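Engineer: For reference, the file final-v6.cif (mmCIF, C-alpha atoms) is included below:
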data_upload
loop_
_atom_site.label_atom_id
_atom_site.label_comp_id
_atom_site.auth_asym_id
_atom_site.auth_seq_id
_atom_site.Cartn_x
_atom_site.Cartn_y
_atom_site.Cartn_z
CA MET A 1 -4.93 -32.36 1.89
CA SER A 2 -1.42 -33.08 0.60
CA LEU A 3 1.25 -30.42 0.32
CA SER A 4 1.23 -30.58 -3.48
CA ASN A 5 -2.55 -30.03 -3.52
CA ARG A 6 -2.20 -27.04 -1.20
CA LEU A 7 0.53 -25.51 -3.38
CA ARG A 8 -1.53 -26.11 -6.52
CA ARG A 9 -4.49 -24.41 -4.85
CA LEU A 10 -2.32 -21.43 -3.83
CA ARG A 11 -0.99 -21.09 -7.40
CA SER A 12 -4.40 -21.27 -9.02
CA THR A 13 -5.14 -18.08 -10.95
CA GLY A 14 -8.85 -18.72 -11.41
CA GLU A 15 -9.81 -17.62 -7.92
CA SER A 16 -9.13 -14.31 -6.24
CA LYS A 17 -6.61 -14.42 -3.41
CA GLU A 18 -7.34 -10.88 -2.26
CA GLY A 19 -10.12 -9.10 -0.51
CA PRO A 20 -12.82 -10.03 1.97
CA ARG A 21 -14.45 -12.71 -0.20
CA ALA A 22 -11.16 -14.57 -0.72
CA MET A 23 -10.45 -14.43 3.02
CA ALA A 24 -13.76 -16.12 3.75
CA GLU A 25 -12.94 -18.94 1.31
CA GLN A 26 -9.40 -19.59 2.56
CA SER A 27 -8.32 -21.43 5.66
CA ARG A 28 -6.42 -19.37 8.21
CA ALA A 29 -3.15 -21.08 7.20
CA GLU A 30 -3.78 -20.45 3.48
CA HIS A 31 -4.54 -16.81 4.16
CA ALA A 32 -1.38 -16.45 6.28
CA THR A 33 0.72 -18.12 3.56
CA TYR A 34 -0.70 -15.86 0.89
CA ALA A 35 -0.20 -12.82 3.11
CA ALA A 36 3.42 -13.86 3.75
CA ILE A 37 3.98 -13.94 -0.02
CA ARG A 38 2.49 -10.44 -0.25
CA GLY A 39 4.78 -9.57 2.66
CA LEU A 40 7.79 -10.58 0.56
CA GLN A 41 6.71 -8.05 -2.05
CA ALA A 42 5.99 -5.45 0.60
CA GLY A 43 9.36 -6.07 2.27
CA PHE A 44 11.11 -5.41 -1.03
CA VAL A 45 9.17 -2.18 -1.66
CA ALA A 46 9.50 -0.98 1.95
CA THR A 47 13.25 -1.65 1.93
CA ILE A 48 13.63 0.43 -1.24
CA ILE A 49 11.66 3.26 0.40
CA MET A 50 13.63 3.00 3.65
CA THR A 51 16.95 2.97 1.77
CA ALA A 52 15.91 5.95 -0.35
CA PHE A 53 15.02 7.78 2.88
CA ARG A 54 18.22 6.99 4.78
CA LEU A 55 21.00 7.10 2.18
CA PRO A 56 20.89 10.82 1.34
CA ILE A 57 20.52 11.81 5.00
CA LEU A 58 23.07 9.52 6.65
CA ARG A 59 25.38 9.26 3.62
CA SER A 60 26.54 5.82 4.72
CA LEU A 61 25.82 2.21 3.99
CA PRO A 62 23.31 0.32 6.12
CA PRO A 63 24.83 -1.45 9.15
CA SER A 64 24.53 -4.72 7.23
CA ALA A 65 27.77 -3.71 5.45
CA ASN A 66 29.43 -3.65 8.89
CA PHE A 67 27.97 -7.09 9.62
CA TYR A 68 29.26 -8.45 6.30
CA SER A 69 32.75 -7.05 6.78
CA GLN A 70 32.97 -8.16 10.42
CA TYR A 71 31.57 -11.70 10.12
CA VAL A 72 32.04 -12.73 6.49
CA SER A 73 34.83 -11.05 4.59
CA GLY A 74 36.91 -8.88 6.88
CA GLY A 75 38.12 -5.45 5.86
CA ASP A 76 36.30 -2.15 5.86
CA PRO A 77 32.49 -1.88 5.42
CA GLU A 78 33.02 0.65 2.60
CA ASP A 79 34.81 -2.12 0.67
CA HIS A 80 31.53 -4.08 0.45
CA PRO A 81 28.73 -1.72 -0.66
CA ILE A 82 26.94 -4.27 -2.87
CA ALA A 83 27.11 -7.08 -0.31
CA GLY A 84 25.95 -4.68 2.41
CA LEU A 85 22.96 -3.52 0.36
CA LEU A 86 22.06 -7.07 -0.69
CA LEU A 87 22.15 -8.20 2.94
CA HIS A 88 20.04 -5.15 3.85
CA PHE A 89 17.45 -6.24 1.27
CA VAL A 90 17.50 -9.85 2.50
CA TYR A 91 16.75 -8.61 6.03
CA GLY A 92 13.98 -6.29 4.81
CA ILE A 93 12.33 -8.84 2.54
CA GLN A 94 12.29 -11.65 5.12
CA ALA A 95 10.99 -9.23 7.77
CA GLY A 96 8.22 -8.29 5.32
CA ALA A 97 7.23 -11.94 4.84
CA LEU A 98 7.08 -12.42 8.60
CA PHE A 99 4.94 -9.30 8.98
CA GLY A 100 2.58 -10.43 6.21
CA GLY A 101 1.97 -13.77 7.91
CA LEU A 102 1.55 -12.21 11.35
CA PHE A 103 -0.79 -9.54 9.98
CA ALA A 104 -3.04 -12.20 8.49
CA LEU A 105 -3.18 -14.14 11.75
CA GLN A 106 -4.01 -11.05 13.84
CA ASP A 107 -7.75 -10.57 13.70
CA ALA A 108 -8.66 -8.63 16.83
CA GLU A 109 -9.55 -5.38 15.03
CA ARG A 110 -11.34 -6.58 11.91
CA SER A 111 -13.77 -3.68 12.21
CA ILE A 112 -10.94 -1.26 11.34
CA GLU A 113 -10.10 -0.97 7.63
CA PRO A 114 -7.18 -3.25 6.66
CA GLU A 115 -5.13 -0.38 5.27
CA GLN A 116 -5.46 1.49 8.58
CA ARG A 117 -4.60 -1.62 10.59
CA GLY A 118 -1.64 -2.20 8.30
CA ILE A 119 -0.31 1.29 8.90
CA VAL A 120 -0.74 1.05 12.68
CA TRP A 121 0.72 -2.46 13.02
CA GLY A 122 3.40 -1.74 10.42
CA SER A 123 4.53 1.29 12.44
CA ILE A 124 4.72 -0.79 15.59
CA TYR A 125 6.54 -3.59 13.76
CA GLY A 126 9.01 -1.13 12.22
CA MET A 127 9.79 0.36 15.63
CA ALA A 128 10.18 -3.12 17.15
CA LEU A 129 12.67 -3.97 14.39
CA SER A 130 14.43 -0.70 15.10
CA ALA A 131 14.67 -1.43 18.82
CA PHE A 132 16.05 -4.90 18.06
CA GLY A 133 18.47 -3.43 15.54
CA SER A 134 19.79 -0.69 17.79
CA GLN A 135 19.94 -2.66 21.04
CA ILE A 136 20.96 -6.12 19.84
CA MET A 137 22.48 -5.88 16.38
CA LEU A 138 24.30 -2.56 16.67
CA LYS A 139 25.31 -2.52 20.33
CA GLU A 140 25.82 -6.19 21.08
CA VAL A 141 26.65 -7.90 17.79
CA LEU A 142 28.49 -5.13 15.92
CA ASP A 143 29.68 -3.03 18.90
CA ILE A 144 28.46 0.18 17.23
CA ARG A 145 27.28 3.14 19.29
CA LEU A 146 25.29 5.71 17.34
CA ASP A 147 25.22 9.39 18.21
CA ALA A 148 21.81 10.74 19.26
CA ASP A 149 21.09 12.25 15.82
CA GLU A 150 22.17 9.06 14.02
CA LEU A 151 20.02 6.97 16.34
CA ALA A 152 17.00 9.21 15.69
CA LEU A 153 17.47 8.77 11.94
CA PHE A 154 17.97 5.00 12.39
CA HIS A 155 14.59 4.85 14.16
CA ALA A 156 12.98 7.19 11.60
CA GLY A 157 14.16 4.94 8.77
CA HIS A 158 12.57 1.92 10.43
CA LEU A 159 9.36 3.86 10.99
CA VAL A 160 9.29 4.67 7.27
CA TYR A 161 9.89 0.97 6.56
CA GLY A 162 7.03 -0.06 8.87
CA LEU A 163 4.58 2.48 7.44
CA SER A 164 5.37 1.38 3.88
CA LEU A 165 5.23 -2.30 4.76
CA GLY A 166 1.94 -2.02 6.63
CA ALA A 167 0.25 0.06 3.96
CA TRP A 168 1.26 -2.42 1.24
CA VAL A 169 0.27 -5.54 3.18
CA GLY A 170 -3.00 -4.06 4.47
CA SER A 171 -4.10 -2.88 1.06
CA ARG A 172 -3.24 -6.11 -0.72
CA THR A 173 -4.13 -8.96 1.61
CA GLU A 174 -7.57 -7.98 2.89
CA GLY A 175 -8.49 -4.54 1.70
CA VAL A 176 -9.97 -4.88 -1.77
CA GLU A 177 -10.92 -7.62 -4.19
CA ASP A 178 -8.77 -6.23 -7.02
CA PRO A 179 -6.17 -3.53 -6.19
CA GLU A 180 -5.52 -2.91 -9.91
CA GLU A 181 -9.16 -1.94 -10.41
CA GLU A 182 -9.83 -0.34 -7.01
CA TYR A 183 -6.82 1.98 -7.17
CA GLU A 184 -7.24 2.56 -10.94
CA TYR A 185 -3.62 1.79 -11.84
CA ASP A 186 -4.48 1.37 -15.51
CA ASP A 187 -5.89 4.92 -15.66
CA GLY A 188 -2.53 6.50 -14.86
CA ASN A 189 -3.19 7.05 -11.14
#
Kindly present the structure from the file in structure tokens form.

Structural biologist:
Amino acid sequence: MSLSNRLRRLRSTGESKEGPRAMAEQSRAEHATYAAIRGLQAGFVATIIMTAFRLPILRSLPPSANFYSQYVSGGDPEDHPIAGLLLHFVYGIQAGALFGGLFALQDAERSIEPEQRGIVWGSIYGMALSAFGSQIMLKEVLDIRLDADELALFHAGHLVYGLSLGAWVGSRTEGVEDPEEEYEYDDGN
């Protein structure tokens, strides 16, 4: 099948791309691609939630502002709040897409509800991102050493990100045929 045919098939609105029945009709690669697209959405939502969690507590920009000021523009991180937040969202959204694709390919625990698997694997993924962020990005790349309380909140923020990401991806890639109907969004819930 050509690439254009695959893309046309992915864009088709006539067939459901969610839920158990759609999974059975899609190839593994199609399901992973669709889940990665859902992961983009989830990454955006999870980054908003993580940012809303961390900003009032830490009262500072995400470390991406430090990255931007150190490697792109120079100057002080506080001089680049918009660029720092945009870079933070780019990181979070692309990490969400990666998680979505990986989640779709992981099929060892299909007997567990997708939402539950999403929460478990999202938590693990969020903590893995946090470990990478604290050990590689902060210490090695940016030469930043966090105090114990700051480090705990850094990890907590990534746990919140992972929980949000996993819940979104699990509930929208495999969980139900139609999330709008299942979760009764139109009824004000």

Engineer: Contacts of segment 82-96 of chain A at 8 Å or less, counting all atoms listed in the file, minus same-chain residues fewer than 6 places along, as a compact mmCIF listing (two decimals) with C-alpha atoms, in the coordinates of the input?

Structural biologist:
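Printed below is around-v1.txt as written:
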# COMPACT_ATOMS: atom_id res chain seq x y z
CA ALA A 36 3.42 -13.86 3.75
CA GLY A 39 4.78 -9.57 2.66
CA LEU A 40 7.79 -10.58 0.56
CA GLN A 41 6.71 -8.05 -2.05
CA ALA A 42 5.99 -5.45 0.60
CA GLY A 43 9.36 -6.07 2.27
CA PHE A 44 11.11 -5.41 -1.03
CA ALA A 46 9.50 -0.98 1.95
CA THR A 47 13.25 -1.65 1.93
CA LEU A 61 25.82 2.21 3.99
CA PRO A 62 23.31 0.32 6.12
CA PRO A 63 24.83 -1.45 9.15
CA SER A 64 24.53 -4.72 7.23
CA ALA A 65 27.77 -3.71 5.45
CA ASN A 66 29.43 -3.65 8.89
CA PHE A 67 27.97 -7.09 9.62
CA TYR A 68 29.26 -8.45 6.30
CA LEU A 165 5.23 -2.30 4.76

Engineer: Take every atom of segment 159-176 of chain A listed in the file, pad by 6 Å on each side, and give me the axis-aligned box centre and edge lengths in Å, one decimal, as JSON.

Structural biologist:
{"center_x": 0.0, "center_y": -2.1, "center_z": 4.6, "size_x": 31.9, "size_y": 25.6, "size_z": 24.8}

Engineer: I'd like the interatomic distance between atom CA of Gln106 of chain A and atom CA of Phe53 of chain A, to a tenth of an Å.

Structural biologist: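 A separation of 28.9 Å between them.
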
Engineer: Expressed in Å to a single decimal, how great is the separation between atom CA of Glu115 of chain A and atom CA of Ala52 of chain A?

Structural biologist: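 Taking atom CA of Glu115 of chain A as the start and atom CA of Ala52 of chain A as the end point, the length is 22.7 Å.
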
Engineer: Within 12 Å of Phe132 of chain A, counting only C-alpha atoms, which residues show up once you throw out same-chain ones fewer than 6 positions away? Write them as a JSON list (two decimals) with C-alpha atoms, keeping the file's coordinate frame, please.

Structural biologist:
[["chain", "number", "residue", "atom", "x", "y", "z"],
["A", 125, "TYR", "CA", 6.54, -3.59, 13.76],
["A", 126, "GLY", "CA", 9.01, -1.13, 12.22],
["A", 138, "LEU", "CA", 24.30, -2.56, 16.67],
["A", 139, "LYS", "CA", 25.31, -2.52, 20.33],
["A", 140, "GLU", "CA", 25.82, -6.19, 21.08],
["A", 141, "VAL", "CA", 26.65, -7.90, 17.79],
["A", 154, "PHE", "CA", 17.97, 5.00, 12.39],
["A", 155, "HIS", "CA", 14.59, 4.85, 14.16],
["A", 158, "HIS", "CA", 12.57, 1.92, 10.43]]
